[in-house]
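Listing of input-v8.cif; format and content: mmCIF, C-alpha atoms.
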```
data_entry
loop_
_atom_site.label_atom_id
_atom_site.label_comp_id
_atom_site.auth_asym_id
_atom_site.auth_seq_id
_atom_site.Cartn_x
_atom_site.Cartn_y
_atom_site.Cartn_z
CA MET Y 1 177.23 134.37 64.73
CA ALA Y 2 173.72 135.57 65.38
CA SER Y 3 172.04 134.20 68.34
CA HIS Y 4 168.51 133.05 68.01
CA SER Y 5 166.10 132.88 70.86
CA PHE Y 6 163.24 130.52 70.75
CA ASP Y 7 160.07 131.02 72.75
CA ARG Y 8 158.79 127.75 73.92
CA THR Y 9 155.22 127.69 75.04
CA VAL Y 10 154.37 124.86 77.32
CA ALA Y 11 150.75 123.88 77.08
CA VAL Y 12 149.31 123.40 80.49
CA GLN Y 13 146.31 121.13 80.47
CA THR Y 14 143.77 121.23 83.21
CA PRO Y 15 143.26 117.74 84.60
CA ARG Y 16 139.98 116.30 83.40
CA ARG Y 17 137.47 115.86 86.13
CA VAL Y 18 136.66 112.18 86.41
CA TRP Y 19 133.86 112.45 88.97
CA PRO Y 20 131.33 115.26 88.37
CA ASP Y 21 130.39 117.74 91.06
CA ASN Y 22 126.82 116.44 91.00
CA PRO Y 23 126.76 112.81 89.83
CA VAL Y 24 122.98 112.61 90.20
CA ALA Y 25 122.47 115.54 87.82
CA ALA Y 26 125.08 114.09 85.44
CA VAL Y 27 123.24 110.75 85.28
CA TRP Y 28 119.85 112.47 85.01
CA GLY Y 29 121.06 114.42 81.99
CA THR Y 30 121.65 111.30 79.91
CA MET Y 31 119.14 109.14 78.07
CA VAL Y 32 120.45 106.04 79.84
CA GLY Y 33 120.08 107.73 83.22
CA LYS Y 34 116.49 108.69 82.49
CA LYS Y 35 115.70 105.12 81.40
CA VAL Y 36 117.11 103.84 84.69
CA VAL Y 37 114.97 106.32 86.65
CA MET Y 38 111.95 105.26 84.63
CA ALA Y 39 112.70 101.58 85.31
CA ILE Y 40 113.14 102.09 89.06
CA THR Y 41 109.99 104.17 89.45
CA GLY Y 42 108.20 101.68 87.23
CA MET Y 43 109.16 98.81 89.55
CA VAL Y 44 107.82 100.70 92.56
CA LEU Y 45 104.55 101.49 90.79
CA VAL Y 46 104.10 97.94 89.48
CA GLY Y 47 104.64 96.62 92.99
CA PHE Y 48 102.04 99.04 94.34
CA VAL Y 49 99.52 98.15 91.64
CA ILE Y 50 99.80 94.43 92.41
CA ALA Y 51 99.55 95.01 96.17
CA HIS Y 52 96.57 97.33 95.68
CA MET Y 53 94.81 94.78 93.49
CA LEU Y 54 95.33 92.03 96.06
CA GLY Y 55 94.01 94.33 98.78
CA ASN Y 56 90.90 95.08 96.71
CA LEU Y 57 90.17 91.37 96.37
CA LYS Y 58 89.62 91.20 100.13
CA ILE Y 59 86.17 92.63 99.44
CA PHE Y 60 85.07 89.13 98.39
CA LEU Y 61 85.77 87.97 101.97
CA GLY Y 62 83.07 90.26 103.29
CA PRO Y 63 82.62 93.76 104.76
CA ALA Y 64 84.47 93.03 108.01
CA THR Y 65 87.61 91.83 106.24
CA ILE Y 66 87.97 94.72 103.78
CA ASP Y 67 87.04 97.36 106.37
CA THR Y 68 89.54 95.91 108.88
CA TYR Y 69 92.20 95.97 106.17
CA ALA Y 70 91.47 99.65 105.47
CA ALA Y 71 91.80 100.46 109.17
CA PHE Y 72 95.06 98.51 109.36
CA LEU Y 73 96.59 100.63 106.60
CA ARG Y 74 96.02 103.69 108.77
CA THR Y 75 97.17 102.18 112.05
CA MET Y 76 100.40 100.67 110.70
CA GLY Y 77 103.31 101.56 112.96
CA GLU Y 78 101.21 102.41 116.01
CA PRO Y 79 101.94 103.17 118.77
CA LEU Y 80 105.49 103.99 117.63
CA LEU Y 81 104.19 106.20 114.81
CA PRO Y 82 101.17 108.50 114.76
CA TYR Y 83 97.92 107.46 113.10
CA SER Y 84 98.18 107.31 109.27
CA LEU Y 85 101.78 108.59 109.22
CA LEU Y 86 103.19 105.50 107.51
CA LEU Y 87 100.34 105.55 104.99
CA TRP Y 88 101.15 109.16 104.13
CA VAL Y 89 104.82 108.28 103.70
CA VAL Y 90 103.79 105.63 101.18
CA ARG Y 91 101.50 108.09 99.43
CA ILE Y 92 104.26 110.71 99.13
CA LEU Y 93 106.65 108.06 97.78
CA LEU Y 94 104.10 107.00 95.18
CA VAL Y 95 103.35 110.58 94.11
CA THR Y 96 107.10 111.20 93.75
CA CYS Y 97 107.49 108.06 91.63
CA VAL Y 98 104.54 109.04 89.44
CA ALA Y 99 105.96 112.55 88.93
CA LEU Y 100 109.41 111.20 88.04
CA HIS Y 101 107.92 108.52 85.79
CA ILE Y 102 105.87 111.02 83.80
CA THR Y 103 108.73 113.54 83.64
CA THR Y 104 111.22 111.00 82.32
CA ALA Y 105 108.68 109.70 79.79
CA VAL Y 106 108.13 113.20 78.40
CA GLN Y 107 111.84 114.03 78.36
CA LEU Y 108 112.81 110.74 76.70
CA THR Y 109 110.23 111.39 74.00
CA ARG Y 110 111.68 114.85 73.38
CA MET Y 111 115.24 113.53 73.33
CA SER Y 112 114.27 110.85 70.82
CA ARG Y 113 112.63 113.42 68.58
CA ALA Y 114 115.61 115.77 68.86
CA ALA Y 115 117.95 112.95 67.84
CA ARG Y 116 115.98 112.57 64.61
CA PRO Y 117 114.76 116.06 63.59
CA GLN Y 118 113.85 114.86 60.09
CA ALA Y 119 110.61 112.93 60.24
CA TYR Y 120 110.13 109.69 58.34
CA ASP Y 121 108.47 110.02 54.91
CA THR Y 122 106.62 106.80 55.63
CA LYS Y 123 106.46 105.41 59.13
CA GLU Y 124 105.55 101.79 59.59
CA SER Y 125 105.06 100.01 62.90
CA ILE Y 126 107.52 97.16 62.63
CA ALA Y 127 108.30 94.72 65.46
CA THR Y 128 106.14 96.62 67.92
CA THR Y 129 102.89 96.01 69.77
CA TYR Y 130 99.59 97.80 70.19
CA ALA Y 131 100.49 98.38 73.86
CA ALA Y 132 103.71 100.12 72.83
CA ARG Y 133 102.00 102.32 70.24
CA THR Y 134 99.31 103.44 72.71
CA MET Y 135 101.68 103.99 75.65
CA ARG Y 136 101.24 107.77 75.74
CA TRP Y 137 97.47 107.72 75.50
CA SER Y 138 97.08 104.99 78.09
CA GLY Y 139 99.36 107.00 80.39
CA VAL Y 140 97.24 110.15 80.00
CA ILE Y 141 94.01 108.25 80.69
CA LEU Y 142 95.55 106.59 83.74
CA ALA Y 143 96.71 109.96 85.12
CA LEU Y 144 93.17 111.35 84.79
CA PHE Y 145 91.73 108.17 86.32
CA VAL Y 146 94.01 108.33 89.36
CA VAL Y 147 92.80 111.87 90.12
CA TYR Y 148 89.15 110.81 89.78
CA HIS Y 149 89.70 107.60 91.76
CA LEU Y 150 91.20 109.50 94.69
CA LEU Y 151 88.35 112.01 94.69
CA HIS Y 152 85.85 109.16 94.38
CA LEU Y 153 86.67 106.24 96.69
CA THR Y 154 89.34 107.85 98.86
CA GLY Y 155 87.83 111.27 99.49
CA GLY Y 156 84.16 110.69 98.67
CA VAL Y 157 84.10 114.08 96.94
CA VAL Y 158 82.53 112.88 93.67
CA GLY Y 159 80.24 110.03 92.63
CA PHE Y 160 78.17 109.88 95.84
CA GLN Y 161 74.91 111.38 97.01
CA PRO Y 162 75.17 113.72 100.03
CA GLY Y 163 75.79 111.62 103.14
CA GLU Y 164 76.23 108.41 101.17
CA PHE Y 165 80.01 108.16 101.57
CA ARG Y 166 81.13 106.69 104.91
CA GLU Y 167 84.68 107.09 106.20
CA LEU Y 168 86.52 103.72 106.43
CA SER Y 169 83.38 101.81 105.34
CA VAL Y 170 85.13 100.48 102.26
CA TYR Y 171 82.65 97.74 101.42
CA HIS Y 172 79.69 100.11 101.54
CA ASN Y 173 81.50 102.81 99.56
CA VAL Y 174 82.69 100.41 96.84
CA VAL Y 175 79.22 98.91 96.35
CA ALA Y 176 77.55 102.33 96.34
CA GLY Y 177 80.18 103.82 94.03
CA PHE Y 178 80.23 101.03 91.46
CA SER Y 179 76.45 100.70 91.41
CA VAL Y 180 76.54 103.68 89.03
CA TRP Y 181 77.09 101.95 85.67
CA TYR Y 182 79.04 104.74 83.96
CA VAL Y 183 81.44 104.98 86.90
CA SER Y 184 82.10 101.25 86.63
CA LEU Y 185 82.49 101.57 82.86
CA PHE Y 186 85.10 104.32 83.27
CA TYR Y 187 86.90 102.17 85.84
CA ILE Y 188 86.95 99.17 83.47
CA VAL Y 189 88.23 101.29 80.56
CA ALA Y 190 90.95 102.72 82.79
CA MET Y 191 91.96 99.21 83.86
CA ALA Y 192 92.19 98.19 80.20
CA CYS Y 193 94.59 101.11 79.71
CA LEU Y 194 96.51 99.97 82.79
CA CYS Y 195 96.73 96.46 81.28
CA LEU Y 196 98.23 97.84 78.06
CA HIS Y 197 100.57 100.11 80.00
CA LEU Y 198 101.79 97.25 82.19
CA ASP Y 199 102.22 94.91 79.24
CA HIS Y 200 104.70 97.21 77.52
CA GLY Y 201 106.02 98.84 80.70
CA ILE Y 202 107.11 95.62 82.40
CA TRP Y 203 108.71 94.42 79.18
CA SER Y 204 110.61 97.71 78.78
CA LEU Y 205 111.66 97.55 82.43
CA LEU Y 206 113.13 94.08 81.95
CA GLN Y 207 114.95 95.29 78.85
CA THR Y 208 116.42 98.26 80.70
CA LEU Y 209 117.66 95.92 83.44
CA GLY Y 210 119.32 93.80 80.75
CA TRP Y 211 117.45 90.63 81.63
CA ASN Y 212 116.31 89.82 78.09
CA ASN Y 213 118.30 87.84 75.56
CA ALA Y 214 117.60 85.44 72.73
CA ARG Y 215 116.66 82.64 75.13
CA THR Y 216 114.51 84.63 77.57
CA THR Y 217 112.66 87.02 75.24
CA SER Y 218 109.56 84.87 74.76
CA THR Y 219 109.41 83.99 78.46
CA LEU Y 220 109.71 87.61 79.59
CA ARG Y 221 107.13 88.77 77.07
CA ALA Y 222 104.73 86.11 78.36
CA LEU Y 223 105.49 87.19 81.94
CA SER Y 224 104.78 90.87 81.28
CA ARG Y 225 101.55 90.05 79.46
CA GLY Y 226 100.48 87.55 82.10
CA VAL Y 227 100.99 90.03 84.94
CA ALA Y 228 99.11 92.73 83.01
CA LEU Y 229 96.13 90.44 82.32
CA ALA Y 230 96.04 89.18 85.92
CA VAL Y 231 95.99 92.74 87.24
CA PHE Y 232 93.25 93.69 84.77
CA ALA Y 233 91.10 90.70 85.76
CA GLY Y 234 91.64 91.32 89.47
CA PHE Y 235 90.69 94.99 89.33
CA ILE Y 236 87.62 94.72 87.10
CA SER Y 237 86.25 91.77 89.07
CA VAL Y 238 85.04 94.23 91.72
CA PRO Y 239 82.88 96.58 89.59
CA VAL Y 240 81.66 93.65 87.48
CA SER Y 241 80.56 91.83 90.65
CA VAL Y 242 78.78 94.93 91.92
CA LEU Y 243 76.92 95.44 88.63
CA ALA Y 244 76.03 91.73 88.51
CA GLY Y 245 74.64 91.89 92.05
CA TRP Y 246 77.19 89.48 93.51
CA LEU Y 247 78.38 92.20 95.88
CA ARG Y 248 75.64 94.19 97.55
#
```

Represent the supplied structure as structure tokens.
Amino acid sequence: MASHSFDRTVAVQTPRRVWPDNPVAAVWGTMVGKKVVMAITGMVLVGFVIAHMLGNLKIFLGPATIDTYAAFLRTMGEPLLPYSLLLWVVRILLVTCVALHITTAVQLTRMSRAARPQAYDTKESIATTYAARTMRWSGVILALFVVYHLLHLTGGVVGFQPGEFRELSVYHNVVAGFSVWYVSLFYIVAMACLCLHLDHGIWSLLQTLGWNNARTTSTLRALSRGVALAVFAGFISVPVSVLAGWLR
């Protein structure tokens, strides 16, 4: 009787790795992860915008109040921390958030396009808002405005006559800077873009956090729009008051 030998191959499976070597990179590589990053950085930036707007409104309390506030921002943490150190920490955090926010916005747009390589024959804007459709353009204008704004009222590099800009004399600098009508006009246009950006951005943030449902949708939409309009009104009140002669 012939003997038969059978070769049995045992498949050895490598255990699947449950936790990635770099969980941060793994999350960053997904669309959901990028939306979370965009939401978190968005919350930080919205908080800063509101705080900055409230700080600007101190100008209506007079030169001493707004100038003292500007000095306080630079002396925070003293004597434990060196002069302006805490302010620079905040600035670096904000720049990081802006960079991450823009990067995720660009990458999410590319991922969305890659998921649908075939363009629509006819594209209609259904169930969307003007703020949502202009999100990219408002973001570009805001990025350009931030650069100009820092060079203008923070550094005094542009928009002032030689010797006109005074370090830490915020009231004087704001009145002198916004007395130029086209500078104020650019500021107002930029704040309109910020209003549109906040309107859609806050709504998207709330969606990403999962706070919206059938019962809360109208309330959250009203909240995002209300915050955006309040920020717009607060910011433009300063250049409008300068041009009207109420601040001088």

query = Do you know which residues the PyMOL selection byres ((chain Y and resi 84) around 6) returns on this file, as a PyMOL selection string?
reply = chain Y and resi 74-75+83+85-87

inquiry  = With all atoms listed in the file as the counted atoms, please give the residues lying no more than 8 Å from Y:Val242, apart from itself and same-chain residues fewer than 4 positions off, as number ranges by chain.
reply    = Y: 175, 178-179, 238, 246-248

Let's have the selection written as a PDB file, keeping the file's coordinate frame, with C-alpha atoms.
```
ATOM      1  CA  VAL Y 175      79.220  98.910  96.350  1.00  0.00           C
ATOM      2  CA  PHE Y 178      80.230 101.030  91.460  1.00  0.00           C
ATOM      3  CA  SER Y 179      76.450 100.700  91.410  1.00  0.00           C
ATOM      4  CA  VAL Y 238      85.040  94.230  91.720  1.00  0.00           C
ATOM      5  CA  TRP Y 246      77.190  89.480  93.510  1.00  0.00           C
ATOM      6  CA  LEU Y 247      78.380  92.200  95.880  1.00  0.00           C
ATOM      7  CA  ARG Y 248      75.640  94.190  97.550  1.00  0.00           C
TER       8      ARG Y 248
END
```

key: Residues selected by the PyMOL selection byres ((chain Y and resi 165) around 12), written as a PyMOL selection string   = chain Y and resi 151-164+166-177

Just write the chosen residues, C-alpha atoms, as a short mmCIF file (atom, residue, chain, number, x, y, z; two decimals), keeping the file's coordinate frame.
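Written file, part.cif:
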```
data_model
loop_
_atom_site.label_atom_id
_atom_site.label_comp_id
_atom_site.auth_asym_id
_atom_site.auth_seq_id
_atom_site.Cartn_x
_atom_site.Cartn_y
_atom_site.Cartn_z
CA LEU Y 151 88.35 112.01 94.69
CA HIS Y 152 85.85 109.16 94.38
CA LEU Y 153 86.67 106.24 96.69
CA THR Y 154 89.34 107.85 98.86
CA GLY Y 155 87.83 111.27 99.49
CA GLY Y 156 84.16 110.69 98.67
CA VAL Y 157 84.10 114.08 96.94
CA VAL Y 158 82.53 112.88 93.67
CA GLY Y 159 80.24 110.03 92.63
CA PHE Y 160 78.17 109.88 95.84
CA GLN Y 161 74.91 111.38 97.01
CA PRO Y 162 75.17 113.72 100.03
CA GLY Y 163 75.79 111.62 103.14
CA GLU Y 164 76.23 108.41 101.17
CA ARG Y 166 81.13 106.69 104.91
CA GLU Y 167 84.68 107.09 106.20
CA LEU Y 168 86.52 103.72 106.43
CA SER Y 169 83.38 101.81 105.34
CA VAL Y 170 85.13 100.48 102.26
CA TYR Y 171 82.65 97.74 101.42
CA HIS Y 172 79.69 100.11 101.54
CA ASN Y 173 81.50 102.81 99.56
CA VAL Y 174 82.69 100.41 96.84
CA VAL Y 175 79.22 98.91 96.35
CA ALA Y 176 77.55 102.33 96.34
CA GLY Y 177 80.18 103.82 94.03
#
```

task = Kindly resolve the PyMOL selection byres ((chain Y and resi 145) around 12) on the present coordinates and return the residues as number ranges by chain.
result = Y: 138-144, 146-153, 183-194

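Atom CA of Y:Gln207 sits 12.6 Å away from atom CA of Y:Thr219.
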
inquiry  = Given only C-alpha atoms as the basis, pick out the residue of Y:Pro239, Y:Ala39, Y:Asn212, Y:Arg110 nearest to Y:Ile59.
reply    =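 Checking each candidate against Y:Ile59, we get Y:Pro239 as the closest.
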
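Compared by their closest atoms to Y:Leu100, and using only C-alpha atoms, the residues Y:Ser237, Y:Ser204, Y:Thr41, Y:Thr30 rank with Y:Thr41 nearest.
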
request  = Quick one: pull the distance between atom CA of Y:Ala230 and atom CA of Y:Ala51, Å, one decimal.
outcome  =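 It comes out at 12.3 Å.
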
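Atom pair atom CA of Y:Leu209 / atom CA of Y:Arg113: separated by 23.5 Å.
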
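With only C-alpha atoms as the atoms that count, the residue of Y:Tyr182, Y:Phe232, Y:Phe60, Y:Trp88 with the shortest distance to Y:Leu198 is Y:Phe232.
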
inquiry  = Please determine, counting all atoms listed in the file, which residue among Y:Gly245, Y:Pro63, Y:Gly201, Y:Pro23 has the shortest atom-to-atom distance to Y:Leu220.
reply    = Y:Gly201

key: For Y:Val37, the nearest of the candidates Y:Val231, Y:Ala25, Y:Leu80, Y:Ala244, counting all atoms listed in the file   =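 Ranked by minimum distance to Y:Val37, first place goes to Y:Ala25.
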
message = Which residue is closest to Y:Ile202? Choose from Y:Ile40, Y:Phe72, Y:Trp28, Y:Asp67 and count all atoms listed in the file.
response =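 Answer, going by the shortest atom-to-atom distance: Y:Ile40.
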